[in-house]
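J.: One file: model.csv (CSV, C-alpha atoms).
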chain,number,residue,atom,x,y,z
A,122,MET,CA,108.0,-10.2,5.5
A,123,THR,CA,107.3,-11.9,8.8
A,124,PRO,CA,106.1,-15.6,9.0
A,125,GLY,CA,102.7,-14.3,10.1
A,126,GLN,CA,102.4,-12.2,7.1
A,127,GLY,CA,103.3,-15.1,4.8
A,128,ILE,CA,100.6,-17.3,6.3
A,129,SER,CA,98.1,-14.5,5.8
A,130,TRP,CA,98.9,-14.3,2.1
A,131,VAL,CA,98.6,-18.1,1.7
A,132,ARG,CA,95.3,-18.0,3.5
A,133,MET,CA,94.1,-15.1,1.3
A,134,ILE,CA,95.1,-17.0,-1.9
A,135,LEU,CA,93.4,-20.2,-0.7
A,136,GLY,CA,90.3,-18.4,0.4
A,137,GLY,CA,90.1,-16.6,-2.9
A,138,ALA,CA,90.4,-19.9,-4.8
A,139,VAL,CA,87.7,-21.5,-2.7
A,140,ALA,CA,85.4,-18.5,-3.1
A,141,LEU,CA,86.0,-18.6,-6.9
A,142,THR,CA,85.3,-22.3,-7.0
A,143,ILE,CA,82.0,-21.9,-5.0
A,144,ALA,CA,81.0,-18.9,-7.2
A,145,THR,CA,81.7,-20.9,-10.4
A,146,VAL,CA,79.7,-23.9,-9.2
A,147,LEU,CA,76.8,-21.7,-8.1
A,148,LEU,CA,76.8,-19.9,-11.4
A,149,ALA,CA,76.9,-23.2,-13.3
A,150,LEU,CA,73.9,-24.5,-11.3
A,151,ILE,CA,71.8,-21.3,-10.9
A,152,GLY,CA,72.7,-19.6,-14.2
A,153,PRO,CA,70.7,-21.9,-16.4
A,154,LEU,CA,67.7,-21.8,-14.1
A,155,VAL,CA,67.6,-18.0,-14.2
A,156,ALA,CA,68.2,-18.0,-18.0
A,157,ILE,CA,65.4,-20.4,-18.7
A,158,ARG,CA,63.0,-18.5,-16.5
A,159,LEU,CA,63.8,-15.2,-18.3
A,160,TYR,CA,63.2,-17.0,-21.6
A,161,GLY,CA,59.8,-18.2,-20.5
A,162,GLY,CA,60.8,-21.7,-19.8
A,163,SER,CA,60.7,-23.7,-16.6
A,164,HIS,CA,62.3,-26.5,-14.6
A,165,TYR,CA,60.8,-29.6,-13.1
A,166,GLN,CA,61.8,-32.4,-10.8
A,167,ILE,CA,61.2,-36.0,-11.9
A,168,VAL,CA,59.4,-37.9,-9.2
A,169,ASP,CA,59.1,-41.4,-10.7
A,170,ASP,CA,60.8,-43.7,-13.2
A,171,ALA,CA,58.0,-43.8,-15.8
A,172,MET,CA,60.4,-42.1,-18.3
A,173,ALA,CA,63.4,-44.3,-17.5
A,174,PRO,CA,66.0,-44.7,-18.7
A,175,THR,CA,65.9,-41.2,-20.3
A,176,LEU,CA,64.7,-39.5,-17.1
A,177,LEU,CA,65.1,-40.9,-13.6
A,178,THR,CA,63.6,-40.1,-10.2
A,179,GLY,CA,65.7,-37.2,-8.8
A,180,ASP,CA,66.5,-35.6,-12.1
A,181,TRP,CA,65.9,-31.8,-12.4
A,182,ILE,CA,65.1,-30.9,-16.0
A,183,LEU,CA,65.0,-27.7,-17.9
A,184,ALA,CA,62.2,-27.1,-20.4
A,185,GLU,CA,61.7,-24.4,-23.1
A,186,PRO,CA,58.3,-22.8,-23.8
A,187,LEU,CA,55.9,-24.3,-26.3
A,188,GLU,CA,53.8,-22.0,-28.3
A,189,ALA,CA,50.1,-22.2,-27.5
A,190,GLY,CA,48.3,-24.6,-29.7
A,191,ALA,CA,51.6,-25.8,-31.4
A,192,VAL,CA,52.0,-29.5,-32.2
A,193,PRO,CA,55.4,-30.6,-30.9
A,194,PRO,CA,57.5,-32.9,-33.2
A,195,ARG,CA,57.0,-36.6,-32.7
A,196,GLY,CA,59.4,-38.0,-30.1
A,197,THR,CA,59.5,-34.8,-28.1
A,198,ILE,CA,59.4,-35.1,-24.3
A,199,VAL,CA,56.8,-32.6,-23.1
A,200,ALA,CA,55.6,-31.1,-19.8
A,201,TYR,CA,51.9,-30.7,-19.7
A,202,GLU,CA,48.9,-30.3,-17.4
A,203,HIS,CA,47.4,-33.7,-16.7
A,204,PRO,CA,44.1,-34.0,-18.7
A,205,GLN,CA,42.1,-34.9,-15.6
A,206,GLN,CA,44.2,-33.3,-12.9
A,207,PRO,CA,44.8,-29.7,-14.0
A,208,GLU,CA,46.9,-28.9,-10.9
A,209,ALA,CA,49.4,-31.6,-11.8
A,210,VAL,CA,52.2,-31.3,-14.3
A,211,TRP,CA,53.4,-34.5,-15.9
A,212,VAL,CA,56.2,-35.4,-18.3
A,213,LYS,CA,55.9,-37.9,-21.1
A,214,ARG,CA,56.9,-38.4,-24.8
A,215,VAL,CA,54.7,-37.5,-27.7
A,216,VAL,CA,54.3,-40.5,-30.0
A,217,GLY,CA,50.9,-39.9,-31.7
A,218,LEU,CA,50.0,-36.7,-33.6
A,219,PRO,CA,46.6,-35.1,-34.3
A,220,GLY,CA,44.5,-37.3,-36.6
A,221,GLU,CA,46.6,-40.4,-36.3
A,222,THR,CA,45.7,-43.9,-35.0
A,223,VAL,CA,47.8,-45.4,-32.2
A,224,GLN,CA,47.7,-48.9,-30.8
A,225,MET,CA,49.8,-51.2,-28.7
A,226,ARG,CA,50.0,-54.9,-29.7
A,227,GLY,CA,52.1,-57.2,-27.7
A,228,GLY,CA,54.1,-54.3,-26.2
A,229,ALA,CA,54.9,-53.0,-29.7
A,230,LEU,CA,53.7,-49.5,-30.8
A,231,TYR,CA,51.7,-49.1,-34.0
A,232,ILE,CA,51.1,-45.7,-35.6
A,233,ASN,CA,48.6,-45.5,-38.5
A,234,GLY,CA,48.9,-49.3,-38.7
A,235,HIS,CA,52.6,-49.4,-39.0
A,236,ARG,CA,54.8,-50.9,-36.3
A,237,ALA,CA,57.6,-48.8,-34.9
A,238,GLN,CA,61.0,-50.3,-35.5
A,239,MET,CA,62.4,-52.2,-32.5
A,240,GLU,CA,66.0,-53.2,-31.8
A,241,ARG,CA,66.9,-55.3,-28.7
A,242,LEU,CA,69.9,-53.9,-26.8
A,243,ALA,CA,72.0,-55.2,-23.9
A,244,ASP,CA,70.0,-55.4,-20.7
A,245,ARG,CA,69.7,-52.3,-18.5
A,246,VAL,CA,71.3,-53.3,-15.2
A,247,ILE,CA,70.4,-51.4,-12.0
A,248,GLN,CA,70.8,-52.1,-8.3
A,249,LYS,CA,67.7,-53.4,-6.7
A,250,ARG,CA,67.3,-50.9,-3.9
A,251,PRO,CA,64.3,-49.8,-1.7
A,252,PRO,CA,62.5,-47.3,-3.8
A,253,ALA,CA,62.1,-43.6,-3.2
A,254,ARG,CA,59.0,-42.5,-1.2
A,255,HIS,CA,55.7,-43.5,-2.8
A,256,GLN,CA,57.4,-45.5,-5.5
A,257,ALA,CA,57.4,-49.3,-6.3
A,258,TRP,CA,60.3,-51.7,-6.2
A,259,PRO,CA,62.0,-52.1,-9.5
A,260,VAL,CA,60.8,-55.1,-11.6
A,261,CYS,CA,63.6,-57.4,-12.7
A,262,ILE,CA,63.5,-60.0,-15.5
A,263,ASN,CA,66.0,-62.1,-13.6
A,264,GLU,CA,64.0,-62.4,-10.3
A,265,PRO,CA,64.6,-63.3,-7.6
A,266,VAL,CA,67.1,-60.6,-6.9
A,267,GLU,CA,68.4,-59.7,-3.5
A,268,ILE,CA,68.6,-56.1,-2.2
A,269,ASP,CA,71.5,-54.3,-3.8
A,270,GLY,CA,71.8,-57.1,-6.4
A,271,ALA,CA,72.0,-56.7,-10.1
A,272,CYS,CA,68.4,-56.1,-11.5
A,273,HIS,CA,68.2,-56.8,-15.2
A,274,GLN,CA,65.5,-55.1,-17.4
A,275,GLU,CA,65.0,-55.4,-21.2
A,276,LEU,CA,66.3,-52.3,-23.1
A,277,TRP,CA,65.1,-51.6,-26.6
A,278,ARG,CA,65.7,-48.9,-29.1
A,279,GLU,CA,62.5,-47.7,-30.7
A,280,THR,CA,62.4,-45.8,-34.0
A,281,LEU,CA,59.2,-43.8,-34.6
A,282,PRO,CA,57.9,-42.6,-38.0
A,283,GLY,CA,60.0,-39.7,-39.1
A,284,GLY,CA,63.2,-41.1,-37.5
A,285,ALA,CA,63.0,-40.1,-33.9
A,286,THR,CA,64.5,-42.7,-31.6
A,287,GLU,CA,64.3,-43.4,-27.9
A,288,LEU,CA,65.3,-46.1,-25.4
A,289,ILE,CA,62.4,-48.0,-23.8
A,290,VAL,CA,62.4,-50.4,-20.9
A,291,ASN,CA,60.4,-53.6,-20.8
A,292,THR,CA,60.0,-55.7,-17.7
A,293,THR,CA,56.9,-57.9,-18.3
A,294,GLY,CA,55.7,-60.0,-21.3
A,295,THR,CA,57.5,-60.5,-24.6
A,296,ILE,CA,57.5,-57.6,-27.1
A,297,GLY,CA,55.8,-58.7,-30.3
A,298,LEU,CA,53.7,-61.4,-28.7
A,299,ALA,CA,50.2,-60.2,-28.5
A,300,ASN,CA,47.7,-61.2,-25.8
A,301,LEU,CA,45.3,-63.6,-27.7
A,302,GLY,CA,42.9,-63.5,-24.9
A,303,GLY,CA,41.7,-60.1,-26.1
A,304,THR,CA,41.8,-58.4,-22.7
A,305,PRO,CA,43.0,-54.8,-23.0
A,306,SER,CA,46.1,-53.9,-21.2
A,307,GLY,CA,49.1,-51.5,-21.5
A,308,ASP,CA,50.7,-54.0,-23.9
A,309,ASP,CA,47.5,-54.7,-25.9
A,310,THR,CA,45.2,-51.8,-26.3
A,311,PRO,CA,42.2,-50.8,-28.4
A,312,LEU,CA,42.8,-48.8,-31.5
A,313,PHE,CA,42.9,-45.1,-30.5
A,314,LYS,CA,42.1,-42.2,-32.9
A,315,VAL,CA,43.9,-39.0,-31.8
A,316,PRO,CA,41.6,-36.0,-32.0
A,317,ASP,CA,42.7,-33.0,-34.1
A,318,ASP,CA,43.4,-31.0,-31.1
A,319,ALA,CA,45.4,-33.5,-29.0
A,320,VAL,CA,48.5,-35.7,-28.9
A,321,PHE,CA,49.1,-39.3,-27.7
A,322,VAL,CA,51.8,-39.6,-25.1
A,323,LEU,CA,53.7,-42.6,-23.6
A,324,GLY,CA,56.3,-43.2,-21.0
A,325,ASP,CA,59.6,-44.8,-21.9
A,326,SER,CA,59.3,-47.3,-19.2
A,327,ARG,CA,56.1,-48.7,-20.7
A,328,ASP,CA,55.2,-51.3,-18.0
A,329,ILE,CA,55.0,-48.7,-15.1
A,330,SER,CA,53.9,-45.6,-17.0
A,331,VAL,CA,50.3,-44.2,-16.7
A,332,ASP,CA,49.7,-42.4,-20.0
A,333,SER,CA,47.4,-42.0,-22.9
A,334,ARG,CA,46.7,-45.7,-23.0
A,335,TYR,CA,44.5,-45.5,-19.8
A,336,ARG,CA,41.2,-43.8,-19.1
A,337,SER,CA,42.6,-42.2,-15.9
A,338,HIS,CA,44.9,-40.2,-18.2
A,339,GLY,CA,43.7,-40.0,-21.8
A,340,MET,CA,45.1,-38.0,-24.6
A,341,VAL,CA,46.6,-34.6,-24.0
A,342,PRO,CA,44.9,-31.5,-25.5
A,343,LEU,CA,47.3,-29.2,-27.3
A,344,SER,CA,46.0,-26.5,-24.9
A,345,ASN,CA,47.5,-28.5,-22.0
A,346,LEU,CA,51.0,-28.6,-23.4
A,347,ARG,CA,53.4,-26.2,-21.6
A,348,HIS,CA,57.1,-27.0,-22.3
A,349,MET,CA,59.5,-29.1,-24.3
A,350,VAL,CA,62.2,-30.8,-22.2
A,351,TRP,CA,65.7,-30.3,-23.5
A,352,MET,CA,68.2,-30.8,-20.7
A,353,ILE,CA,68.8,-32.6,-17.4
A,354,HIS,CA,70.2,-29.8,-15.2
A,355,SER,CA,71.2,-31.9,-12.2
A,356,SER,CA,70.3,-35.2,-10.6
A,357,LEU,CA,70.2,-36.8,-7.1
A,358,ASP,CA,70.0,-40.5,-6.5
A,359,LYS,CA,67.2,-40.8,-4.0
A,360,SER,CA,67.2,-44.6,-3.8
A,361,SER,CA,70.2,-44.7,-1.5
A,362,ARG,CA,70.2,-43.8,2.2
A,363,PHE,CA,71.7,-40.4,1.5
A,364,PHE,CA,71.0,-38.4,-1.6
A,365,HIS,CA,74.0,-38.8,-3.9
A,366,PRO,CA,74.6,-36.5,-6.9
A,367,ARG,CA,74.6,-38.4,-10.2
A,368,TRP,CA,77.4,-36.3,-11.7
A,369,GLU,CA,77.3,-38.1,-15.0
A,370,ARG,CA,73.7,-36.8,-15.6
A,371,PHE,CA,74.4,-33.1,-14.9
A,372,PHE,CA,73.8,-30.9,-18.0
A,373,ARG,CA,72.9,-33.9,-20.1
A,374,MET,CA,70.9,-33.1,-23.3
A,375,VAL,CA,67.6,-35.0,-23.5
A,376,HIS,CA,66.1,-36.5,-26.7
Go ahead and express the file in the form of structure tokens.
T.:
Amino acid sequence: MTPGQGISWVRMILGGAVALTIATVLLALIGPLVAIRLYGGSHYQIVDDAMAPTLLTGDWILAEPLEAGAVPPRGTIVAYEHPQQPEAVWVKRVVGLPGETVQMRGGALYINGHRAQMERLADRVIQKRPPARHQAWPVCINEPVEIDGACHQELWRETLPGGATELIVNTTGTIGLANLGGTPSGDDTPLFKVPDDAVFVLGDSRDISVDSRYRSHGMVPLSNLRHMVWMIHSSLDKSSRFFHPRWERFFRMVH
């Protein structure tokens, strides 16, 4: 075997290894998308932090089909047609089921008059970076915070009736302290009665989420529900100068 032939074999082996690696990566990334489409599901890109910390701007999520007219379990994250913007698909969490009453008092959630259990956790700490396009700067409870500094936000574990739990972010006000002035807000709402053909949805980042608490959104008819979210397929951090993969979020199950 001549030296030239030896180098060719090495190149062939290395080339094959590279090709196999690329094929494996592509299969891992594209395979689930094809499978979910064949099954009748879909995938969506998250474009804001209204569902943080569960879903972040730049996440790509996979969602399984929801049977027409079916009531998803409480705590499920759903993709649905916006009640007042049929062309827009939004993603929020179901907290109120048909026939129930829902109210926010001092930032705490009440369902049928019973307060959801709340447990304060260690602060969520993120970098204060210029936001992605069309998004607002993050709100920090330790302001003032310099750019790229440590931005602290309150993190709570909320347990809903039936046992479903989620992490929620609070950045304004004190949870449990109601507004005695009586002015409706996202933290202090009127008592809502959920129609028999709709669900009440909230974002996990309650202070920045537009959801069923507001007239511009309202409750979501069952006929508008499309999919139940079950996995983060991939994720790109869009708050930095160059998009960086958040490898730790790839193929993360959502609940």
J.: Dig up all the protein and nucleic acid residues within 10 Å of (55.5, -33.8, -12.5) in the file frame, using only C-alpha atoms, and format them as a PyMOL selection string.
T.: chain A and resi 165-169+200-203+209-213
J.: Quick one, how far is atom CA of A:Asp318 from atom CA of A:Ala229?
T.: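 These two atoms are separated by 24.9 Å.
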J.: Using only C-alpha atoms, find the one residue out of A:Glu208, A:Asp180, A:Glu221, A:Glu188 that sits nearest to A:Trp368.
T.: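 The shortest atom-to-atom distance to A:Trp368 comes from A:Asp180.
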J.: For atom CA of A:Asn233 and atom CA of A:Leu176, quote the distance in Å rounded to one decimal.
T.: 27.4 Å
J.: I'd like to know which of A:Leu323, A:Leu187, A:Val290, A:Leu230 is closest to A:Met349, using all atoms listed in the file.
T.: A:Leu187
J.: Find the distance between atom CA of A:Val192 and atom CA of A:Leu343 and write it in Å to one decimal.
T.: 6.8 Å
J.: Determine, counting all atoms listed in the file, which protein, DNA and RNA residues have an atom within 8 Å of an atom of A:Ala237; residues of the same chain fewer than 4 positions away are not included. Present the result as a ChimeraX atom specification.
T.: /A:229-232,279-282
J.: May I ask which of the residues A:Ala257, A:Ala319, A:Leu276, A:Ile268 is the closest one to A:Asp170, counting all atoms listed in the file?
T.: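 Looking at the shortest contact to A:Asp170, the residue is A:Ala257.
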J.: Select, from A:Trp277, A:Phe372, A:Phe364, A:Tyr335, the residue with the minimum atom-to-atom distance to A:Pro204, counting only C-alpha atoms.
T.: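 When distances to A:Pro204 are compared using only C-alpha atoms, the smallest one comes from A:Tyr335.
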